[in-house]
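Below you'll find the structure, written out as structure tokens, and then a few comments.
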Amino acid sequence: MALVLLLGGCAARPSPPGRSVPDYRPDSRVERPPPETAPGQPKPYKALGRWYHPIPDASGFRQQGIASWYGADFHGKSTSSGEVYDMHAMTAAHKTLPLGTLVRVRHLGNQRSIEVRINDRGPFVGDRIIDLSFEAARQLDVVRPGTAPVEVVAVGSVPGSPVDLYSGNFTFQVGSFASRVNAERLQADLNLRFGNAHIVEFEHKGRTYYRLRVGKASSLDEAIAYEARLRQSGFTDAFVVAE
């Protein structure tokens, strides 16, 4: 599981391309690295060879284009906001909207409408403008066709949602266990090798899981280097978590 912020986080299952509807606002893509941003402004990021510059304010945002969805392949993995992706939650990925933005998505074919929270980056496929969670896609009737023409309108934001992952507190998840005993057995060894080995309990559908995390970093650059060290040590599924 790679660091979602750098790799784009998500991609929908293959499906026939749909008709693109002109955007109300451009997605601020640039081929070259953009200039330095002002303090407090969202920083640009690069995905699949292209730079994207998140907008600082979603007020008045309205966009039409193609929606897709992502599901089981990404369930339980980290999103660009640092939270774990839940395919059954009402969330979505967008390339430039501030993380935490609430948007209303209207299916231009059947006129169904839902509200989702942006917690991930993407999609980076063709002319698609938003990647819906499985549950959001199910409610809009997008699961079977794979894509659909939609209108996306910003309607608010969630207080306290992360907006900048370039600094903060980061740790690294190396595994998830159904047995706490198994998690604790590995915890002791990893604490000696990497430090700060700790277990985080997670409830899902009435069951408790034990996520084993190690290490800590205070910047994204430091986190990337630490993640590389873990992978070189054999923990190929390790990924960064914002705490």
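Identifiers in the structure tokens: chain A, B, ... in order shown; residue index from 1 per chain; ligand index from 1 in order shown.
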Please return, as an mmCIF file with C-alpha atoms, in the first residue's frame, all residues of range 190-219 of chain A that DSSP assigns to helix (DSSP H, G or I) on the basis of the backbone.
data_model
loop_
_atom_site.group_PDB
_atom_site.id
_atom_site.type_symbol
_atom_site.label_atom_id
_atom_site.label_comp_id
_atom_site.auth_asym_id
_atom_site.auth_seq_id
_atom_site.Cartn_x
_atom_site.Cartn_y
_atom_site.Cartn_z
ATOM 1 C CA LEU A 190 9.510 -3.899 16.208
ATOM 2 C CA ASN A 191 9.850 -1.581 19.184
ATOM 3 C CA LEU A 192 13.526 -2.533 19.430
ATOM 4 C CA ARG A 193 14.103 -2.080 15.702
ATOM 5 C CA PHE A 194 12.037 1.018 14.906
#
If you take only C-alpha atoms and a cut-off of 12 Å, which residues of range 97-151 of chain A touch range 66-78 of chain A, and what are their nearest atom pairs and distances in Å to one decimal, in chain and number order, as a tab-separated table?
residue	atom	partner	partner_atom	distance
A:Val105	CA	A:Ala67	CA	9.1
A:Arg106	CA	A:Ala67	CA	10.0
A:His107	CA	A:Ala67	CA	8.8
A:Leu108	CA	A:Ile66	CA	9.9
A:Gly109	CA	A:Ile66	CA	11.4
A:Asn119	CA	A:Ser78	CA	10.2
A:Asp120	CA	A:Ser78	CA	9.0
A:Arg121	CA	A:Ser78	CA	11.2
A:Gly122	CA	A:Ser68	CA	10.2
A:Pro123	CA	A:Ser68	CA	7.9
A:Phe124	CA	A:Ser68	CA	10.7
A:Val125	CA	A:Ser68	CA	9.4
A:Gly126	CA	A:Ile66	CA	9.3
A:Asp127	CA	A:Ile66	CA	6.6
A:Arg128	CA	A:Ile66	CA	4.6
A:Ile129	CA	A:Ile66	CA	5.7
A:Ile130	CA	A:Ala67	CA	5.0
A:Asp131	CA	A:Trp69	CA	4.7
A:Leu132	CA	A:Trp69	CA	4.4
A:Ser133	CA	A:Tyr70	CA	5.6
A:Phe134	CA	A:Gly71	CA	5.1
A:Glu135	CA	A:Gly71	CA	8.6
A:Ala136	CA	A:Trp69	CA	8.3
A:Ala137	CA	A:Trp69	CA	6.2
A:Arg138	CA	A:Trp69	CA	9.3
A:Gln139	CA	A:Trp69	CA	11.7
A:Leu140	CA	A:Ala67	CA	10.2
A:Asp141	CA	A:Trp69	CA	10.8
A:Val142	CA	A:Ser68	CA	7.4
A:Val143	CA	A:Trp69	CA	7.2
A:Arg144	CA	A:Trp69	CA	10.3
A:Pro145	CA	A:Ser68	CA	9.1
A:Gly146	CA	A:Ser68	CA	5.8
A:Thr147	CA	A:Ser68	CA	4.5
A:Ala148	CA	A:Ala67	CA	5.4
A:Pro149	CA	A:Ile66	CA	4.6
A:Val150	CA	A:Ile66	CA	5.9
A:Glu151	CA	A:Ile66	CA	8.5
* **Non-local contacts of Val153 in chain A (6 Å; only C-alpha atoms; under 3 positions in same chain excluded) as an NGL selection string** => :A and (61-62 or 103-104)
Let me see the file: selected residues, N, CA and C atoms, as a PDB file, in the first residue's frame.
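Output file selection29.pdb is given in full below:
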ATOM      1  N   PHE A  61     -17.986  26.556  -5.613  1.00  0.00           N
ATOM      2  CA  PHE A  61     -17.462  25.545  -6.544  1.00  0.00           C
ATOM      3  C   PHE A  61     -18.607  24.741  -7.167  1.00  0.00           C
ATOM      4  N   ARG A  62     -18.570  24.622  -8.476  1.00  0.00           N
ATOM      5  CA  ARG A  62     -19.537  23.827  -9.220  1.00  0.00           C
ATOM      6  C   ARG A  62     -18.823  23.251 -10.445  1.00  0.00           C
ATOM      7  N   VAL A 103     -19.751  17.881  -0.586  1.00  0.00           N
ATOM      8  CA  VAL A 103     -20.261  18.201  -1.914  1.00  0.00           C
ATOM      9  C   VAL A 103     -21.555  17.432  -2.182  1.00  0.00           C
ATOM     10  N   ARG A 104     -22.421  18.055  -2.968  1.00  0.00           N
ATOM     11  CA  ARG A 104     -23.630  17.378  -3.452  1.00  0.00           C
ATOM     12  C   ARG A 104     -23.334  16.880  -4.864  1.00  0.00           C
TER      13      ARG A 104
END
* range 196-210 of chain A environment, 12 Å, only C-alpha atoms, sequence neighbours closer than 4 positions dropped, as a PyMOL selection string -> chain A and resi 75-76+84+86+88+170-192+214-217+241+243
* Go ahead and compute the interatomic distance for CA of Ile118 in chain A and CA of Phe239 in chain A, in Å to one decimal. => 20.4 Å
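The shell of residues at most 9 Å from Leu102 in chain A, with only C-alpha atoms counted and near chain neighbours (fewer than 6 positions) removed, consists of Thr91, Glu115, Val116, Arg117, Ile118, Val153, Ala154, Val155, Gly156, Ser157 and Val158 of chain A.
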* Asked: Using only C-alpha atoms, which of A:Ala92, A:Gly100, A:Gly195, A:Arg211 sits nearest Ala58 in chain A?
  ->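 Using only C-alpha atoms, the shortest distance to Ala58 in chain A belongs to A:Gly100.
CA of Glu83 in chain A is positioned 17.1 Å from CA of Ser218 in chain A.
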* Which value, in Å to one decimal, gives the distance between CA of Gln111 in chain A and CA of His94 in chain A? ->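 Rounded to one decimal, the two atoms are 20.8 Å apart.
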* Shortest interatomic distance to Asp57 in chain A - which of A:Pro44, A:Gly234, A:Pro98, A:Gly82, counting only C-alpha atoms ->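 Ranked by minimum distance to Asp57 in chain A, first place goes to A:Pro98.
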